[in-house]
Structure formats: structure tokens, C-alpha cells
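Have a look at the structure below, then the notes.
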Amino acid sequence: MTASALTRPGQRDRLVVKFGEIDWTFCALLCLIAGVGALMLYSIANGSWEPWAAKHLIRFGLCLLLTLALALVDIRVWFISAYPVYLVGLVLLLAVMVKGEESLGARRWLNLHVVRIQPSEIMKIGLVLALARYYHGISAKEARFSWKLLIPAAMIAVPVLLVAKEPDLGTAILLLLTGGAVVILAGLSIRAMAVGGVAVLAAVPVLFNVMKPYQRDRLFTFLHPEDDPSGSGYHILQSKIALGSGGLLGRGFGLGSQSQLNFLPEKHTDFIFSTLAEEFGFIGCFSVLVLYLAVILIALRTSSLAHSHFGRLAGSGVTATFGLYVLINGAMVMGLAPVVGVPMPLMSFGGTVMLTVMIGFGLVQSIKVHRYTEVTSGQGALL
Amino acid sequence: MTIQPSIFFNEVNERQGSFHRRALVMGGLASVSILALSGRLMELQLIEAGRYKELSANNQFNYRLIPPPRGRILDRNGVELASNRPNFRLLVSRDEVSDIDSALDAVGQVIEIPSERRKQLQREFAQSSRYIPVAIADDLTWEAFARVNARLPELPGVTPDMGEVRVYNFGGAFAHVIGYVSRVSEDDLARVGPDEDQLLLHHPGFRIGKQGVEKSQDINLRGKAGGQKVEVDSRGRVVRKDPRGDVQPVPGKDIVLSLDADIQNRGLDVFGENSGAAVMMDCRSGDVLCLLSAPSFDANLFVKGVPPDDYKALADYERKPLLNKALTATYPPGSTFKTMVALAALENGYDPHTVHVCNKAWAWGGRVWHCDEAHGPQDLRGAIATSCDIYFYQCALSIGPDKIAATARQFGLGQTFDIGISGQKAGLVPDTAYKRRTFKNDPVWHPGETPSMGIGQGYLNFNPLQLCVQASRLANGLKALNPRLIKSIGGVLQPPGDAAPDLPFQKANLDFVRDAMAAVTSGNGTAAATAQLGLGPIKMAGKTGTAQAHNYLSGHGQHGAVGEWATRDHAWFIAFAPYDDPRYAVSVLVEHGGFGAQAAAPIAREIMRVALLKDPEIRARIETPLPMPAIPTAGQADGAEPPPPTDIVSGKPT
């Protein structure tokens, strides 16, 4: 009982059919990655479910349920909520600037008394949805190069600047790259891409000037971490030591001295991959990277199945976010990128990023389930 | 913004086609990026793995320093002068304890911490570096230490530690020779070479030599630190110990001094409350057997850090216990210098039978020169025996200052000796060149300065070690002996003091001076009454000296032990024994002691007796039964039994 193109439209709307349409292989891969994360969290807590591993698994379980629920949400609901979500995200970002909670010198959290939220995370989904919706409504020609591109440019620039101002450089870069990915996937002309690339490069010195000193330090020390082994180069150096000492097969589960003896900072969040590398070596790391690649490729393929342009762009957009997380974190722990505070999705301990990523995959699954649904404008779209 | 349905099929196809192409490219990019990350992983984990494994091990393992036991300092017979004893301490480091008050409260429940010590600790703790622990309790008794160990779980962050602490077994007797060890100061750190073990220097239990042999031989005594291999976490806390990886410390080298503890201790006893110094040398080998400065101080006080009040008391005391009077203070030699004047005269053709008449006063050069009494007509030998100033005024004038100075220098006067103690004062042997060099306004040696030099006054000033070297060289009669204090370092013998050139003097002249010194302790000699050993055939020869410590305002009169202590004369006695076959030479200075014969000679006699009685050859000579009971010769009658030491300090002029 599959929702093939020949299935009658009424049949496709049955929950059972929808449920069967969910990509269970994909979900299994996600479980596998989260499981590896839990294993590492168990190890670095000296073989204890407390304080991280158990919580990690519970969170992942709840997020997975959310993903499945979101997969059943009609693609048209996603479509009409695109702009509202984006606008809510924007308002919250502005609110954070005004009365956000300050921690470690940055205002990133907004306390709504019921929950503390990080508006930049909402924006990761909101931006993708809004861009997808916008491109849904313009022609290929316009998407290639026209004045209409000023609108998506602004849609990207405003939240990126707001987030950079918090300051949260990692997320700002992530938003910029995600937005850029959607714009390119939507069909931006190669020439415009080149112009945009040059513009971004030209913005680098300007950006550099408005950066906080600690951000500049981070940027430089990743190039020469050995210059300041106990200062700002410490993270990178210790991470590289953890990686390198893992060798081919690793030092064994629970035997990584770098993480067990606390030499590795942020070992349960941003640098969890280093722990994996130390304890399971190249074989373990390579396997996990292949898992991540499989998730990315499957999600891209799933997005391509959508009949609606909105679905394609939204799905590939959140996939790009996920992929960028993996690549930036991987490059960071291997000393190829500055330490910008981007976690390894699904493995690192932390609820917010997991929630964002799993909502994104809910969207991807929704696209798969509703791939034949025509998304049209107008009030009757959902009826 | 109006949203239109995608009704144009071309348009739909074009958008879809473009997306598919680009999604494919994006998927390819993702794959390539993951491959690139894998490549980087290969580089780190397969190619450079060795290097990072080493770095990881450096992180993981650490060596906890094991301080080496400091070398002992022994006397010539193996008696421990400085050694180490266990020290039970409690250490706290800022790394593990953030609140020193609560830690002290907790420890205070088990052992007593005085409130003033508590304040000091709080200060010390606040200034301490993060990883170097502070000793909150030092030198605990075994009972207290065991009590703390039993209750250790209630004392988080407190580490019991068993170290060693320096102990000076004779307290003050050797304080000026051995010196002491104390905490490493900033000055010490600035002074030591860059190649020295900084970790050891910063260890809380480590003490560095501050004075004397402890200072000069610090590197030899120190040894090499060992290490205990431990696994640590990122905060440096010990997780596990690995006994197989330990490196044992190399103990410091033992240093054997040429000193004899019996002689030195007796010397200090005899000095009592007197201020001064005594040096004894073996006048055949040059070994220093006794090198004391009185009064002394307890060197053990300085090891833990001397309390300010105690230090102030020591520093303020008029008789200067902290000053090494044997080496770092100089005094006019007084009449002991007449031996030099006499020898210089003889070497320059002076007829020892020349007679001068002493009428207690002698007018020359527009002023009157005084003597203690009217000695009548005397030759050179008699003038030495009675220490006649008027004879030596004239004797000195007959040869001039330069020849006297040249002779004095041959006896080690005016020089320092490499015996392993720093801070020696060279004193001064003046001559015409000295006056030219030093007095720009008055670069001339005035004739009136020569008589003063003839009786050991004026510019002349020496330390007691120099006078002992002088006595040894006179007694040896052949070699320009050098003193040797450090006999061996870690079992390696040091160059002896008799590897020295011969004295450039005629044997007959040296014999004459020695013979005259024998006359000092017999007949009508100045020390005939106070320098009798009471050891049968073993006799001591010597020379007294009573040196002006103060310019008498009236220019005459106040000689000897009268008036305020600080204005009295310095008492000297140099001697050697047995005079027919010299073995030991001694110099004794009693600061402001008055007459040399009364204050210094009895001390020299007591020190000499210990040395002689310890010498088996001398003992054999004393104990050989004589065919007839020994009949004391004239002048020795009251010296057969030396007076008890309590009489020594009377210091009254006769």
C-alpha cells in the first residue's frame, strides 16, 4: 500500500498510507548516529548514563516522535506557515537584541518564562521555508537573475546580521551558507554566483572589523594552534591530539585519555567527534562520516522527489543545514576551521540543535509523504 | 507579492530540471567534502599518529618531583655536623582548595594551628602559585601526623607529605663554617644558572644553601631530583601512580670537612660569653681543625625561617653572633705582628744581638712613644718574649715598612683563602705603595707611621684565619701552607694544603723566631703563666697581642680590659705545639678581651690540649714513663695544672 502516482488522491490522505510512506531506512540511520553519540557520551562520563547519555537518548526519542508527527503534516501546511515562521523568528531575534539573556558575553537566549528559546534556531527552519516559498512563486528566469532576487537577498541578510550581532558567528555563517545553498539550488545563474562570491569575499574585511577580539583570536589560532597551546589554541591542539592518538583502530571504548582525563574541552558537545576518533580510531570515524553522508544524500534524493518546487527547495535547504553542521564541525575538530561553536548534529549533547535538525527531517519526510501533492497558491490550497 | 500557479509546463520542467542538476552537484560536493574530511583524518590518525600519541602521553603522564636527600656534612672523623631528619608536613594547593579558611578550620580540628601562624598562612596561600602547594603544617610529630592521616577523608585537598628537613646536630657550633639552608628567595633564583632544575628550586620542601659550605657546595650537596610517574588529569591531579616509571633521585654528595668536632666544641665552650674567634690548623698538612666564631647562633632556626623577633635579637646583640669573626671581620694584629717584623729584620741583615733600652717611654720624631713597662736593655729575642714596644719601634724603623710588608705577605697576611667559604675579608698589609695608591692628598709614607706598624697597629688589620696561617707557616718552617677546610666531596679527596711552595726565608731566621716564641711562654715571657699545657714534655710556643680597638683620646694609659666593653683592646694569641716538633697551630682572638696573655692565651691552651690529647703520637710521648719524675723548670711551676676555664674570662691586667 504505497502512495504511488497512480494511487487515488483520497487514498493518499489516509494516515496509514502516509505512515507507510515514511522512509524507515532513513530513520534507522538517524537512530544509529544518535546511538553512537549516546555511546560516546556514556564513555566520557566514565561509563555512566549520567549525566549525558541517558538524557541524550530520551531527547532523541522525543525528537524522533516529533519528526514522525511532522512527516504526516501536509506539505501545504508547511507552505502556508513559511512566512509566519520566518516573521516570528525575526521578531524573536529582535527581541533577543533588546532583552535577551546574556551568557558568556553573548545574547542568544530569550526567556519566555515558560521556555528559554534560541531564536536563531527557529530562523534556521524559518529562513529555508520562507526562501522556498518565495522561489515557489517566481519563474526560473527570474530565479536565475532579476531584480526579484533582491528580496531573498534581504531575507537572508537581515537574520544573518542580527545573529552575527548577538554575537553568534557560527550560526550566522550557517544561516548565510544555508540561504546561499537555497538560492543556488533555486537556479541562480553562474555569473550571479560569481558576483555574489566576490561580494562575500569583499565583505570579509568589513566583517573582520566588527568582530569581537575573541572571535578574531579564534580565527587566527586555528591556523597556528601550537603558538598558544594553553590559550586559545588549546581546543584545537587537544582535539588534534585526541584524533591523532586514536590511530587506525582507536584506543578502545572508554580508554581515551584525552577525554577521560578532561584534556579535551567541550568533549560532550562540540568536540564529541574527537572522543569518537580517540576511542574508535580512523575506522570508527570513517564509518560515522559515511553514515552522515548517507543521511545527506538520502535527504537530497527525497527532496528531489517532490512535485512542488517549494518541497524540493525546503527539503534540500534543511538538508544543506544538516550537511553544513557536519562539515563545519568536522573541519573544526580536525583543525581545518576556526572554533566557531557548531556541534556535530545528533551526536553532540544539546537539545536545541537536535530539535532543529529533527524538525528539518520531519519536513523532509513530509515532502516524501506528500511528494505528489500539488502546492498551489490561493486560499483553497488546503481544501 | 502574487503567487501564481505553475501552469506553464515548460516553466515547471525548467525549474525542476535546474533543481535536479544542482541537487546532484550539491550531493557531489557533500561527498567530496566528506572524502576530504576522511583524508584529513587519515593524515592525522594514520600518518601523524605517532606524534600525537606521544603528545597524548605527555598530557596523560606527569612526573611528580621527588626531592633528593641533601648530602651530609661530616667532620674529619665522620661525625655528622649537618644531616637530614624526616619532616611530616601537610600540603594544600590552590588548585584543589579554594577557601583556605575552611581548610584551616578543618585541619585545626585535628592539630593546633596558632592564630598568628594562621594569618601568615593565609598570606602565603594568597600569594602562592596555583600548582605549587603550601605547607600548612610543618615538622609535625609522628602522633599528630598519624592523627591527620586517620582523618584525611574529612580534610579534602589536604595532602600529607613526608619530606626531609636539614638538621644541624651541634646547633650553633659550626654555624659560621657550614652556614645554613633556607627557603629559595627571588635573589637565589636570579643567581642560579638557567640549567639548574627549576622544578626542584620551586619545590616547597627544597632548601638552598645560604651561607658557608652549604652555599659554596650547594650544587654538590643538592643531588638530582627524581620523579614519580603519575597519571594526571587536565588539572594536574593524580589519577594513578605507576611505580615502574619512577626515576629514583640521586642523593647529594657527602662532604667531609677537615674540622674536628671535639676541638671545635671545646673551643666554643671555653669562649663562653666572650666574643671572638679561634682557628686551628694542622701545621703539617694545612687542614683546618677548628674554625669558630663566638658567640654563635642556632643554624636550625634558619631552616624553617627564623622568627622576626629571634632574628632581631641576633642582629641587634652587641657581640654580633651572626658575624663570622674568623673570616669576615678584621682586627689590628697587635704584638703578634712582631714575629713578622723580627723575621723581616733578620732577613735584611739585622743583628739579633742589637740591644735597645726600654725606659717605658721613648722620644722620637717629636712625640713620646710608650711601652707597658720599663723592660731595660734587651736584644731581639728578649724583646719578643716580653713584647717590648720600644724595641720594635726602633727595629721597624731600621728596616722600613716595605720589607716588613713583603715578609708579612709571605705568611698569607692580607689575602683570602679558597676554603669554600665566601665573604672573607682580606685585611690590609700597608706599605709605601699602598699609601701612594690610596691617599691622593697625602701619598707619602711618613716616618712616624713605621713605629706603629712595628707593633702591629696603624693600618694593619687581619682576620683570625690569616693569623692562624701565619702561625702554621712559622711552625712548619718550610712550606707556605694553605688552609684546607673541605677534605673530600662525595669521597673524592680535595687537594691538600701542603702542596705549596717553600717559604723564601733562611731556616736559621725562622728557627730564631720560633725559638723566641718559645721564650714567650717561658721564663719572663708575656704568656709564661697562661700558656702552660700541663702535658709534661709537650710545650706550646706562641705570641701574645693586645691591639688597640679604639683611639685613646688622651693618647696614653687605657691599655687592657678597662672601661666600656666596646672600647677595650682586642686580645690575640697565636701559638703552635709541640714547640720542638710542631703539629698544630692556633690563633685566638677575643674581641675587646683586654690583654692577649690573659684573655686569648688560655683559650688557645684549652683548644690545643684537646688537639694534642687526641693525637696518638703525642699521647705516646706524654704517657712514656720518664726515668725520673718530671721536675718543673722555673717559670712553669704554676702551669703544671692549667686553671679551670672559668678563670679565663677574668681578663684583668697583671
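Labels for the C-alpha cells follow display order: chains A, B, ..., residues from 1 in each chain, ligands from 1.
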Interface, chain B side, toward chain A (7 Å; only C-alpha atoms) as an MDAnalysis selection string: chainID B and resid 3:5 11 14:15 18:20 22:23 27 31 34 37:38 41:42 44:46 48:49 52:53 55:56 60 233:234
Take the residues from that selection and put them in a file with C-alpha atoms, as an mmCIF file, in the first residue's frame.
```cif
data_model
loop_
_atom_site.group_PDB
_atom_site.id
_atom_site.type_symbol
_atom_site.label_atom_id
_atom_site.label_comp_id
_atom_site.auth_asym_id
_atom_site.auth_seq_id
_atom_site.Cartn_x
_atom_site.Cartn_y
_atom_site.Cartn_z
ATOM 1 C CA ILE B 3 1.693 33.807 -6.169
ATOM 2 C CA GLN B 4 0.780 32.146 -9.400
ATOM 3 C CA PRO B 5 0.126 28.537 -10.024
ATOM 4 C CA GLU B 11 8.452 26.572 -16.854
ATOM 5 C CA GLU B 14 12.855 24.070 -16.443
ATOM 6 C CA ARG B 15 12.719 24.743 -12.707
ATOM 7 C CA SER B 18 17.663 23.016 -12.983
ATOM 8 C CA PHE B 19 16.993 21.892 -9.416
ATOM 9 C CA HIS B 20 17.841 18.295 -10.199
ATOM 10 C CA ARG B 22 22.087 21.440 -8.974
ATOM 11 C CA ALA B 23 20.962 18.987 -6.310
ATOM 12 C CA GLY B 27 25.255 15.872 -3.398
ATOM 13 C CA SER B 31 30.507 13.560 -0.946
ATOM 14 C CA ILE B 34 33.219 14.122 3.439
ATOM 15 C CA LEU B 37 37.488 15.184 5.895
ATOM 16 C CA SER B 38 38.334 11.499 5.679
ATOM 17 C CA LEU B 41 41.509 12.039 9.310
ATOM 18 C CA MET B 42 43.919 9.724 7.520
ATOM 19 C CA LEU B 44 46.100 12.828 11.477
ATOM 20 C CA GLN B 45 45.265 9.295 12.500
ATOM 21 C CA LEU B 46 47.429 7.208 10.207
ATOM 22 C CA GLU B 48 50.993 11.554 12.111
ATOM 23 C CA ALA B 49 49.542 9.173 14.671
ATOM 24 C CA TYR B 52 50.038 12.703 18.516
ATOM 25 C CA LYS B 53 50.266 9.531 20.578
ATOM 26 C CA LEU B 55 51.694 14.291 22.815
ATOM 27 C CA SER B 56 48.778 12.446 24.338
ATOM 28 C CA GLN B 60 48.422 11.939 30.413
ATOM 29 C CA ASP B 233 44.024 14.719 34.597
ATOM 30 C CA SER B 234 43.910 18.066 32.857
#
```
So which bits of segment 146-384 of chain B end up alpha helix (DSSP H) when you DSSP the backbone, as number ranges by chain? B: 146-150, 175-178, 186-191, 198-201, 212-216, 218-222, 261-271, 300-303, 308-316, 338-347, 380-384
If you run DSSP on the backbone, which residues of segment 11-198 of chain B are strand (DSSP E), as a ChimeraX atom specification? /B:61-66,73-74,80-92,134-140,158-168,181-182
Name the residues in contact with Gly525 of chain B at a cut-off of 9 Å, using only C-alpha atoms, excluding same-chain residues fewer than 3 positions from it; report them as a ChimeraX atom specification. /B:382,384-387,517-522,528-529
Neighbours of Asp389 of chain B within 10 Å (only C-alpha atoms; same-chain residues fewer than 5 positions away dropped), as a ChimeraX atom specification? /B:335,338,358,360-362,369-373,375,383-384,394-395,451-452,454-456
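When only C-alpha atoms are used to compute distances to Gly100 of chain A, the closest of the residues A:Ile151, A:Val73, A:Tyr86, A:Glu166 turns out to be A:Glu166.
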Determine the nearest neighbour of Ile113 of chain B from the options B:Leu200, B:Gly305, B:Val444, B:Asp101, counting only C-alpha atoms.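 Residue with the minimum atom-to-atom distance to Ile113 of chain B: B:Asp101.
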List as a ChimeraX atom specification the protein and nucleic acid residues near Met354 of chain A, meaning an atom at most 12 Å away when only C-alpha atoms are counted, but skip any in the same chain fewer than 2 places from it. /A:30,33-34,37,56-64,66-67,121,269,322,325,343-352,356-361
For the selection you just gave me, I'd like the residues written to a file as a tab-separated table (two decimals), in the first residue's frame, keeping C-alpha atoms.
```tsv
chain	number	residue	atom	x	y	z
A	30	LEU	CA	19.37	8.76	12.33
A	33	ILE	CA	24.05	8.20	14.59
A	34	ALA	CA	22.26	9.26	17.76
A	37	GLY	CA	26.52	9.81	20.16
A	56	HIS	CA	20.60	12.31	25.01
A	57	LEU	CA	18.67	9.16	24.14
A	58	ILE	CA	15.45	10.40	25.72
A	59	ARG	CA	15.68	13.67	23.83
A	60	PHE	CA	16.38	11.85	20.61
A	61	GLY	CA	13.39	9.59	21.18
A	62	LEU	CA	11.10	12.56	21.73
A	63	CYS	CA	12.55	14.37	18.72
A	64	LEU	CA	12.05	11.27	16.57
A	66	LEU	CA	8.13	14.79	16.59
A	67	THR	CA	9.80	14.02	13.25
A	121	GLU	CA	17.42	28.08	15.76
A	269	THR	CA	29.28	18.97	22.90
A	322	PHE	CA	22.44	19.48	8.35
A	325	TYR	CA	26.75	21.30	10.55
A	343	PRO	CA	28.07	20.98	17.21
A	344	MET	CA	28.06	17.64	15.44
A	345	PRO	CA	24.34	17.12	14.82
A	346	LEU	CA	22.69	14.18	16.57
A	347	MET	CA	25.94	13.19	18.30
A	348	SER	CA	26.71	16.27	20.38
A	349	PHE	CA	24.83	16.70	23.63
A	350	GLY	CA	22.37	19.55	23.37
A	351	GLY	CA	18.65	19.74	22.83
A	352	THR	CA	18.24	22.82	20.68
A	356	THR	CA	16.12	21.93	14.83
A	357	VAL	CA	17.66	19.09	12.87
A	358	MET	CA	14.85	16.68	13.63
A	359	ILE	CA	12.17	19.26	12.70
A	360	GLY	CA	14.08	19.66	9.44
A	361	PHE	CA	13.98	15.93	8.85
```
Could you name the residues that touch Gly365 of chain B at 12 Å or less, counting only C-alpha atoms, but leaving out those on the same chain fewer than 4 positions away, as a list of chain:residue names? B:Trp369, B:Tyr393, B:Gln394, B:Leu397, B:His446, B:Pro447, B:Gly448, B:Glu449, B:Thr450, B:Pro451
Which residues come within 7 Å of Gln378 of chain B, counting only C-alpha atoms, excluding same-chain residues fewer than 5 positions away, as a list in words?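 Returned residues: Val355, His356, Val357 and Ala383 of chain B.
Pairwise distance (atom CA of Leu29 of chain A, atom CA of Val32 of chain B) equals 20.3 Å.
From atom CA of Val256 of chain B back to atom CA of Asn84 of chain B, the distance works out to 15.5 Å.
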